[in-house]
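Visitor: Pasting model06.csv below, which is CSV, C-alpha atoms.
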```csv
chain,number,residue,atom,x,y,z
S,1,MET,CA,24.1,15.3,8.2
S,2,PRO,CA,24.7,15.7,11.9
S,3,THR,CA,24.3,12.6,14.1
S,4,PRO,CA,20.7,11.7,15.2
S,5,GLN,CA,20.3,10.5,18.8
S,6,PRO,CA,20.7,6.7,18.9
S,7,GLY,CA,17.1,6.1,20.1
S,8,VAL,CA,15.4,7.8,17.2
S,9,LEU,CA,15.8,5.6,14.1
S,10,PRO,CA,16.4,2.0,15.2
S,11,ALA,CA,13.6,-0.2,16.4
S,12,GLY,CA,13.9,-0.4,20.1
S,13,GLY,CA,14.3,-3.6,22.2
S,14,PRO,CA,11.5,-5.5,24.0
S,15,HIS,CA,11.5,-3.2,27.0
S,16,ALA,CA,11.1,0.6,27.2
S,17,TYR,CA,11.0,3.3,29.8
S,18,PHE,CA,9.3,6.7,29.1
S,19,LEU,CA,10.0,9.6,31.5
S,20,THR,CA,8.4,13.0,31.3
S,21,TYR,CA,9.9,15.8,33.4
S,22,THR,CA,8.7,19.2,34.6
S,23,VAL,CA,11.6,21.6,35.1
S,24,ALA,CA,11.6,23.9,38.1
S,25,GLY,CA,10.9,27.5,37.2
S,26,GLY,CA,14.0,28.7,39.1
S,27,ALA,CA,16.3,26.1,37.6
S,28,GLU,CA,19.5,27.8,36.4
S,29,ARG,CA,20.2,27.6,32.6
S,30,THR,CA,23.9,26.7,32.9
S,31,ALA,CA,23.1,23.8,35.2
S,32,LEU,CA,20.3,22.6,33.0
S,33,ASN,CA,22.4,22.7,29.9
S,34,LYS,CA,25.2,20.8,31.6
S,35,ALA,CA,22.8,18.1,32.9
S,36,ILE,CA,21.3,17.7,29.4
S,37,ARG,CA,24.8,17.5,27.7
S,38,ASP,CA,25.8,14.8,30.2
S,39,ILE,CA,22.9,12.5,29.5
S,40,HIS,CA,24.3,11.0,26.2
S,41,PRO,CA,27.7,10.1,27.7
S,42,SER,CA,26.0,8.5,30.6
S,43,VAL,CA,23.9,6.3,28.3
S,44,GLN,CA,27.0,5.4,26.3
S,45,ALA,CA,29.0,4.4,29.4
S,46,LEU,CA,26.2,2.1,30.6
S,47,ALA,CA,25.6,0.7,27.1
S,48,LYS,CA,29.3,-0.3,26.8
S,49,LYS,CA,28.9,-2.4,30.0
S,50,ALA,CA,26.1,-4.4,28.4
S,51,LYS,CA,26.7,-4.4,24.7
S,52,THR,CA,24.3,-7.2,23.8
S,53,ALA,CA,21.4,-5.4,25.4
S,54,ARG,CA,21.3,-2.6,22.7
S,55,LEU,CA,20.6,0.2,25.2
S,56,LEU,CA,19.2,3.2,23.3
S,57,CYS,CA,18.0,6.6,24.5
S,58,ALA,CA,16.3,9.6,23.0
S,59,LEU,CA,16.1,13.0,24.8
S,60,GLY,CA,13.4,15.5,23.9
S,61,ILE,CA,13.1,19.1,24.9
S,62,GLY,CA,9.8,20.9,25.2
S,63,SER,CA,9.0,24.2,23.5
S,64,GLU,CA,9.0,26.5,26.6
S,65,LEU,CA,12.2,24.9,28.0
S,66,TRP,CA,14.0,25.2,24.7
S,67,ASP,CA,13.5,29.0,24.8
S,68,ARG,CA,15.1,29.0,28.2
S,69,LEU,CA,18.0,26.9,27.2
S,70,SER,CA,18.7,28.4,23.8
S,71,PRO,CA,16.9,31.7,23.4
S,72,ALA,CA,18.8,32.9,20.4
S,73,THR,CA,17.9,29.9,18.1
S,74,ARG,CA,14.8,27.8,17.7
S,75,PRO,CA,13.8,24.8,15.6
S,76,ALA,CA,11.3,26.0,13.0
S,77,GLY,CA,8.6,23.6,13.8
S,78,LEU,CA,8.8,23.4,17.5
S,79,ARG,CA,5.5,24.2,19.4
S,80,PRO,CA,3.4,22.8,22.2
S,81,PHE,CA,0.9,20.0,21.7
S,82,ARG,CA,-2.5,21.2,20.4
S,83,ALA,CA,-5.4,19.6,22.2
S,84,VAL,CA,-8.2,18.2,20.0
S,85,THR,CA,-11.8,17.8,21.1
S,86,ALA,CA,-14.7,16.4,19.0
S,87,ASN,CA,-18.1,15.0,20.1
S,88,GLY,CA,-16.8,13.8,23.5
S,89,ARG,CA,-13.5,12.5,22.2
S,90,VAL,CA,-10.6,14.3,23.7
S,91,ALA,CA,-6.8,14.3,22.9
S,92,PRO,CA,-5.6,16.5,25.8
S,93,ALA,CA,-2.4,18.6,25.9
S,94,THR,CA,-0.6,17.8,29.1
S,95,GLY,CA,2.8,19.1,28.1
S,96,GLY,CA,6.2,18.5,29.7
S,97,ASP,CA,9.7,20.0,29.6
S,98,LEU,CA,11.9,17.0,29.1
S,99,PHE,CA,11.2,13.6,27.6
S,100,LEU,CA,13.4,10.5,27.8
S,101,GLN,CA,12.7,7.3,25.9
S,102,ILE,CA,14.9,4.4,27.0
S,103,THR,CA,14.8,1.0,25.2
S,104,SER,CA,16.8,-2.2,25.4
S,105,SER,CA,16.4,-6.0,25.8
S,106,ARG,CA,16.6,-5.7,29.6
S,107,HIS,CA,14.1,-4.0,31.9
S,108,ASP,CA,16.7,-3.9,34.7
S,109,LEU,CA,19.2,-2.0,32.5
S,110,ASN,CA,16.5,0.5,31.6
S,111,LEU,CA,15.6,1.0,35.2
S,112,ASP,CA,19.2,1.5,36.2
S,113,LEU,CA,19.6,4.2,33.6
S,114,ALA,CA,16.3,5.8,34.4
S,115,MET,CA,17.2,6.0,38.1
S,116,GLU,CA,20.7,7.5,37.3
S,117,LEU,CA,19.1,10.1,35.1
S,118,VAL,CA,16.5,11.0,37.7
S,119,ARG,CA,19.4,11.4,40.2
S,120,ARG,CA,21.3,13.7,37.9
S,121,LEU,CA,18.2,15.9,37.3
S,122,GLN,CA,16.6,15.8,40.7
S,123,SER,CA,17.7,19.3,41.8
S,124,LEU,CA,16.4,20.7,38.5
S,125,ALA,CA,13.3,18.7,37.4
S,126,THR,CA,10.5,16.5,38.7
S,127,VAL,CA,9.3,13.4,37.1
S,128,ALA,CA,5.7,14.1,36.0
S,129,GLU,CA,5.1,10.6,34.4
S,130,GLU,CA,7.0,7.3,34.4
S,131,ILE,CA,5.8,4.5,32.1
S,132,HIS,CA,7.2,1.0,31.5
S,133,GLY,CA,6.5,-0.2,28.0
S,134,PHE,CA,7.0,-3.8,26.7
S,135,ARG,CA,6.7,-5.9,23.6
S,136,TYR,CA,3.5,-7.9,23.8
S,137,LEU,CA,3.6,-11.3,22.1
S,138,ASP,CA,4.7,-10.9,18.5
S,139,SER,CA,4.8,-7.1,18.6
S,140,ARG,CA,1.0,-6.8,19.1
S,141,ASP,CA,-1.0,-4.1,20.8
S,142,LEU,CA,-3.1,-5.2,23.8
S,143,THR,CA,-6.1,-5.2,21.5
S,144,GLY,CA,-4.5,-8.3,19.9
S,145,PHE,CA,-3.4,-6.7,16.6
S,146,ILE,CA,0.1,-6.3,15.4
S,147,ASP,CA,1.3,-2.7,15.8
S,148,GLY,CA,3.6,-0.7,13.6
S,149,ILE,CA,2.9,-2.5,10.3
S,150,GLU,CA,2.8,0.9,8.5
S,151,ASN,CA,6.2,2.0,9.8
S,152,PRO,CA,8.7,3.1,7.1
S,153,LYS,CA,11.6,0.8,6.4
S,154,GLY,CA,15.3,1.5,5.7
S,155,LYS,CA,16.1,4.9,4.3
S,156,ALA,CA,12.4,5.8,4.5
S,157,ARG,CA,12.8,6.0,8.2
S,158,VAL,CA,15.4,8.8,7.8
S,159,ALA,CA,13.1,10.6,5.3
S,160,ALA,CA,10.1,10.5,7.7
S,161,ALA,CA,11.8,11.3,11.0
S,162,LEU,CA,14.9,13.5,10.5
S,163,ILE,CA,15.0,17.2,9.8
S,164,GLY,CA,17.1,18.0,6.8
S,165,GLU,CA,17.6,20.9,4.5
S,166,GLU,CA,14.2,22.4,5.4
S,167,ASP,CA,15.8,23.6,8.7
S,168,ARG,CA,19.5,23.3,8.2
S,169,SER,CA,20.5,24.6,11.6
S,170,PHE,CA,18.7,21.7,13.3
S,171,ALA,CA,19.4,19.0,10.7
S,172,GLY,CA,19.7,15.5,12.2
S,173,GLY,CA,17.1,16.4,14.8
S,174,SER,CA,13.4,15.3,15.0
S,175,TYR,CA,10.1,16.1,16.6
S,176,VAL,CA,8.4,13.6,18.8
S,177,ALA,CA,4.7,13.7,19.6
S,178,VAL,CA,3.8,11.5,22.6
S,179,GLN,CA,0.4,10.3,23.9
S,180,ARG,CA,-0.5,7.7,26.5
S,181,TYR,CA,-3.7,5.9,25.6
S,182,ILE,CA,-5.9,3.8,27.9
S,183,HIS,CA,-7.8,1.0,26.2
S,184,ASP,CA,-11.2,-0.2,27.4
S,185,LEU,CA,-10.2,-3.8,27.1
S,186,GLU,CA,-13.3,-5.1,28.8
S,187,ARG,CA,-15.6,-3.6,26.2
S,188,TRP,CA,-13.1,-4.5,23.4
S,189,ARG,CA,-13.0,-8.2,24.3
S,190,LYS,CA,-16.7,-8.4,24.1
S,191,LEU,CA,-16.5,-7.9,20.3
S,192,ASP,CA,-15.9,-10.8,18.0
S,193,ASP,CA,-12.9,-11.0,15.8
S,194,HIS,CA,-14.8,-9.8,12.7
S,195,GLU,CA,-16.0,-6.6,14.3
S,196,GLN,CA,-12.5,-5.9,15.8
S,197,GLU,CA,-11.1,-6.4,12.3
S,198,GLN,CA,-13.6,-3.9,10.9
S,199,ILE,CA,-12.5,-1.4,13.5
S,200,ILE,CA,-8.8,-1.9,12.8
S,201,GLY,CA,-8.9,-2.5,9.1
S,202,ARG,CA,-6.7,-5.6,9.2
S,203,THR,CA,-7.1,-9.3,10.0
S,204,LYS,CA,-6.2,-10.2,13.5
S,205,ARG,CA,-4.3,-13.4,12.9
S,206,GLY,CA,-2.1,-12.5,9.9
S,207,SER,CA,-2.4,-8.7,9.9
S,208,VAL,CA,-3.5,-8.6,6.3
S,209,GLU,CA,-5.0,-5.3,5.3
S,210,LEU,CA,-8.7,-5.6,4.4
S,211,SER,CA,-9.6,-5.0,0.8
S,212,LYS,CA,-10.9,-1.5,-0.1
S,213,ALA,CA,-14.4,-3.0,-0.5
S,214,LYS,CA,-14.4,-4.6,2.9
S,215,LYS,CA,-12.5,-1.9,4.9
S,216,PRO,CA,-14.8,0.7,6.4
S,217,GLN,CA,-13.9,4.4,6.1
S,218,THR,CA,-13.9,4.6,9.9
S,219,ALA,CA,-11.3,1.8,10.3
S,220,HIS,CA,-8.1,2.8,12.0
S,221,ILE,CA,-6.1,2.1,8.9
S,222,SER,CA,-8.4,4.1,6.8
S,223,ARG,CA,-8.0,7.1,9.0
S,224,VAL,CA,-4.2,7.1,9.6
S,225,VAL,CA,-2.9,5.9,6.2
S,226,ILE,CA,-3.0,9.2,4.2
S,227,GLU,CA,-1.8,10.1,0.7
S,228,ARG,CA,-0.9,13.6,-0.4
S,229,ASP,CA,0.2,14.4,-3.9
S,230,GLY,CA,0.4,10.6,-4.6
S,231,ARG,CA,2.7,9.9,-1.7
S,232,GLU,CA,1.9,8.4,1.7
S,233,LEU,CA,2.4,10.6,4.7
S,234,GLN,CA,4.7,8.8,7.1
S,235,ILE,CA,5.8,9.1,10.7
S,236,LEU,CA,8.2,6.8,12.6
S,237,ARG,CA,6.4,5.1,15.5
S,238,GLN,CA,8.3,4.0,18.6
S,239,SER,CA,5.2,2.9,20.5
S,240,TYR,CA,4.8,0.2,23.2
S,241,PRO,CA,2.0,-1.4,25.1
S,242,TRP,CA,2.0,-0.6,28.8
S,243,GLY,CA,-0.3,-1.7,31.7
S,244,THR,CA,-1.2,-2.7,35.1
S,245,VAL,CA,-4.1,-5.0,36.2
S,246,ARG,CA,-6.2,-1.8,36.7
S,247,GLU,CA,-5.6,0.0,33.4
S,248,ALA,CA,-3.5,-0.6,30.3
S,249,GLY,CA,-3.1,0.7,26.8
S,250,LEU,CA,-0.5,2.1,24.3
S,251,TYR,CA,2.3,4.6,24.8
S,252,PHE,CA,2.4,6.3,21.4
S,253,ALA,CA,5.6,8.0,20.3
S,254,ALA,CA,5.7,9.4,16.8
S,255,TYR,CA,9.0,10.8,15.4
S,256,THR,CA,8.7,13.2,12.4
S,257,LYS,CA,10.4,16.0,10.7
S,258,PHE,CA,7.0,17.8,10.0
S,259,LEU,CA,4.6,18.0,12.9
S,260,ASP,CA,1.7,18.7,10.5
S,261,VAL,CA,1.8,15.0,9.4
S,262,PHE,CA,1.0,14.0,13.0
S,263,ASP,CA,-1.6,16.8,13.2
S,264,VAL,CA,-3.5,15.5,10.1
S,265,MET,CA,-3.5,11.9,11.4
S,266,LEU,CA,-4.7,12.9,14.9
S,267,ALA,CA,-7.5,15.1,13.3
S,268,ARG,CA,-8.7,12.2,11.2
S,269,MET,CA,-8.7,9.9,14.1
S,270,MET,CA,-10.6,12.3,16.4
S,271,GLY,CA,-13.0,13.4,13.7
S,272,THR,CA,-12.2,17.1,13.1
S,273,THR,CA,-11.5,17.1,9.4
S,274,GLY,CA,-15.1,18.0,8.3
S,275,ASP,CA,-15.9,14.7,6.6
S,276,GLY,CA,-18.1,13.5,9.4
S,277,LEU,CA,-16.0,10.5,10.2
S,278,HIS,CA,-13.7,9.4,13.0
S,279,ASP,CA,-11.5,6.5,13.9
S,280,ARG,CA,-13.8,3.9,15.6
S,281,LEU,CA,-10.8,2.7,17.6
S,282,MET,CA,-11.2,6.0,19.5
S,283,GLU,CA,-14.5,4.6,20.9
S,284,PHE,CA,-12.4,2.0,22.8
S,285,SER,CA,-9.2,3.9,23.5
S,286,ARG,CA,-8.7,7.4,25.0
S,287,ALA,CA,-5.7,9.6,25.2
S,288,VAL,CA,-4.8,10.9,28.7
S,289,THR,CA,-1.6,12.8,27.9
S,290,GLY,CA,-0.3,14.7,24.9
S,291,ALA,CA,3.1,16.5,24.5
S,292,ILE,CA,5.6,17.5,21.8
S,293,PHE,CA,9.3,17.7,22.1
S,294,PHE,CA,12.3,18.5,19.9
S,295,VAL,CA,14.9,15.7,19.8
S,296,PRO,CA,18.1,17.5,18.8
S,297,SER,CA,21.1,15.9,17.1
S,298,ILE,CA,24.1,14.8,19.2
S,299,GLU,CA,26.0,17.9,17.9
S,300,THR,CA,23.2,20.3,18.8
S,301,VAL,CA,23.0,18.8,22.4
S,302,SER,CA,26.7,19.2,22.7
S,303,SER,CA,26.5,22.8,21.6
S,304,LEU,CA,24.1,23.9,24.3
S,305,LYS,CA,25.8,26.8,26.0
S,306,GLN,CA,27.4,26.5,29.4
```
I need this file expressed as structure tokens, please.

Guide:
Amino acid sequence: MPTPQPGVLPAGGPHAYFLTYTVAGGAERTALNKAIRDIHPSVQALAKKAKTARLLCALGIGSELWDRLSPATRPAGLRPFRAVTANGRVAPATGGDLFLQITSSRHDLNLDLAMELVRRLQSLATVAEEIHGFRYLDSRDLTGFIDGIENPKGKARVAAALIGEEDRSFAGGSYVAVQRYIHDLERWRKLDDHEQEQIIGRTKRGSVELSKAKKPQTAHISRVVIERDGRELQILRQSYPWGTVREAGLYFAAYTKFLDVFDVMLARMMGTTGDGLHDRLMEFSRAVTGAIFFVPSIETVSSLKQ
């Protein structure tokens, strides 16, 4: 299989940087392709200077931009983000042309790389959103619950995230769906631990999943852990808390080889599956962005035409 980008499969370090770009309409294709091809070598060069920091990066390309860069070939599942609306709950589609996820054990290193990549792209693209993510306590979300418990382990990460024989021309690549959520932490903190656990579906202290008898159908775990034909549908989350004193939440990044897995999870969270239920966590957290990108293999990036 071709080589996936280094930032896709491994768990990232305690610091993350997420950048979403809008590419100028008049940006020339040759210059764009070269700038994109040069990103991975730039990451490698900086990573070699700070080997213990485990600097990783993943580059995603949006649907419309992909058609400009490589009009003759297209990943089978690539498409824009589909907005979801249900009874006042909204998961908006805000889009984007380029996406960069940078992780390491050092915020300063992430910032150095982010600034270098912004300089490289400044004549071609504008930063639409810039978010600093971080590990909170023992990998908890700002709600106080451990995040990512359901993430696949080992070889299952490859099976969940990487495109294979189903789209051989783009094997080794992945799709990433990203959303930035804002939590209403003031309201959340007014709930006692028992009610919070009923909303999440796990214990707060030990992160033990509630028994089927005690776990509501509207619990977060109930809505996002889904079985089809006896197998659990899985995505690979690379999500991080983010925040300021004014607002805070979760930057959600889901890597998958089949976008319909993400679609089903989001529909069940928002309450558009026809069963009359929604994820109660959505009463305390709202998405303010939504975008989908293709994360090509290293070989596919290198092959973008000059």

Visitor: So that each row is one residue of stretch 61-87 of chain S with an atom at most 9 Å from stretch 145-167 of chain S, can you give its shortest atom pair and the distance in Å to one decimal, using all atoms listed in the file, rows by chain and rising number, as JSON lines?

Guide:
```
{"residue": "S:Pro75", "atom": "CA", "partner": "S:Asp167", "partner_atom": "CA", "distance": 7.3}
{"residue": "S:Ala76", "atom": "CA", "partner": "S:Asp167", "partner_atom": "CA", "distance": 6.7}
{"residue": "S:Gly77", "atom": "CA", "partner": "S:Asp167", "partner_atom": "CA", "distance": 8.8}
```

Visitor: Between atom CA of S:Trp242 and atom CA of S:Gly133, measure the distance and give it in Å to one decimal.

Guide: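 Going from atom CA of S:Trp242 over to atom CA of S:Gly133, I get 4.6 Å.
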
Visitor: Using only C-alpha atoms, can you tell me which of S:Gly206, S:Pro41, S:Gly144, S:Gly276 comes closest to S:Leu117?

Guide: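 Smallest distance to S:Leu117 is found for S:Pro41.
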
Visitor: Any idea what the distance is between atom CA of S:Ala248 and atom CA of S:Leu233?

Guide: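 Atom-to-atom, atom CA of S:Ala248 and atom CA of S:Leu233 are spaced 28.6 Å apart.
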
Visitor: Measuring between all atoms listed in the file, which one of S:Arg74, S:Arg237, S:Lys49, S:Arg119 shows the shortest distance to S:Pro296?

Guide: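 Looking only at the distances to S:Pro296, the closest residue turns out to be S:Arg74.
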
Visitor: Using all atoms listed in the file, which of the listed residues (S:Asp263, S:Glu129, S:Glu195, S:Glu186) sits closest to S:Ala83?

Guide: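 Comparing S:Asp263, S:Glu129, S:Glu195, S:Glu186 against S:Ala83, the winner is S:Asp263.
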
Visitor: Using Å and a single decimal, report how far atom CA of S:Leu19 sits from atom CA of S:Val127.

Guide: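 Atom-to-atom, atom CA of S:Val127 to atom CA of S:Leu19, that is 6.8 Å.
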
Visitor: Can you tell me, as a ChimeraX atom specification, what residues are no more than 10 Å from stretch 264-266 of chain S when counting only C-alpha atoms, ignoring any on the same chain fewer than 3 positions away?

Guide: /S:83-84,91,223-226,233-235,259-261,269-273,278-279

Visitor: Output as a Markdown table one row per residue of stretch 168-202 of chain S within 9 Å of stretch 54-63 of chain S: the closest atom pair and its distance in Å to one decimal place, counting only C-alpha atoms, sorted by chain and residue number ascending.

Guide:
```
| residue | atom | partner | partner_atom | distance |
| --- | --- | --- | --- | --- |
| S:Ser174 | CA | S:Gly60 | CA | 8.9 |
| S:Tyr175 | CA | S:Gly60 | CA | 8.0 |
| S:Val176 | CA | S:Gly60 | CA | 7.4 |
```

Visitor: Smallest atom-to-atom distance to S:Thr103: which of S:Arg168, S:Phe134, S:Thr218, S:Val178, using all atoms listed in the file?

Guide: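 Of all the options, S:Phe134 lies closest to S:Thr103.
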
Visitor: Excluding same-chain residues fewer than 4 positions from S:Leu65, what lies within 10 Å of it counting only C-alpha atoms, as a CSV table (one decimal) with C-alpha atoms, keeping the file's coordinate frame?

Guide:
```csv
chain,number,residue,atom,x,y,z
S,22,THR,CA,8.7,19.2,34.6
S,23,VAL,CA,11.6,21.6,35.1
S,25,GLY,CA,10.9,27.5,37.2
S,29,ARG,CA,20.2,27.6,32.6
S,32,LEU,CA,20.3,22.6,33.0
S,61,ILE,CA,13.1,19.1,24.9
S,69,LEU,CA,18.0,26.9,27.2
S,70,SER,CA,18.7,28.4,23.8
S,71,PRO,CA,16.9,31.7,23.4
S,96,GLY,CA,6.2,18.5,29.7
S,97,ASP,CA,9.7,20.0,29.6
S,98,LEU,CA,11.9,17.0,29.1
S,293,PHE,CA,9.3,17.7,22.1
```

Visitor: Between S:Val288, S:Leu111, S:Ala171, S:Ala177, which is the closest to S:Gln5 once you count all atoms listed in the file?

Guide: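 Using all atoms listed in the file, the shortest distance to S:Gln5 belongs to S:Ala171.
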
Visitor: S:Gln101, S:Asp38, S:Asn110, S:Tyr17: which is nearest S:Ala53, counting all atoms listed in the file?

Guide: S:Asn110

Visitor: S:Leu250: which residues within 10 Å, counting all atoms listed in the file, same-chain residues fewer than 4 positions away excluded, as a list in words?

Guide: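 My list of contacting residues is Gly133, Phe134, Asp141, Leu142, Thr143, Asp147, Gln179, Arg180, Tyr181, Ile182, His183, Ser239, Tyr240, Pro241, Trp242, Gly243, Ser285, Arg286 and Ala287 of chain S.
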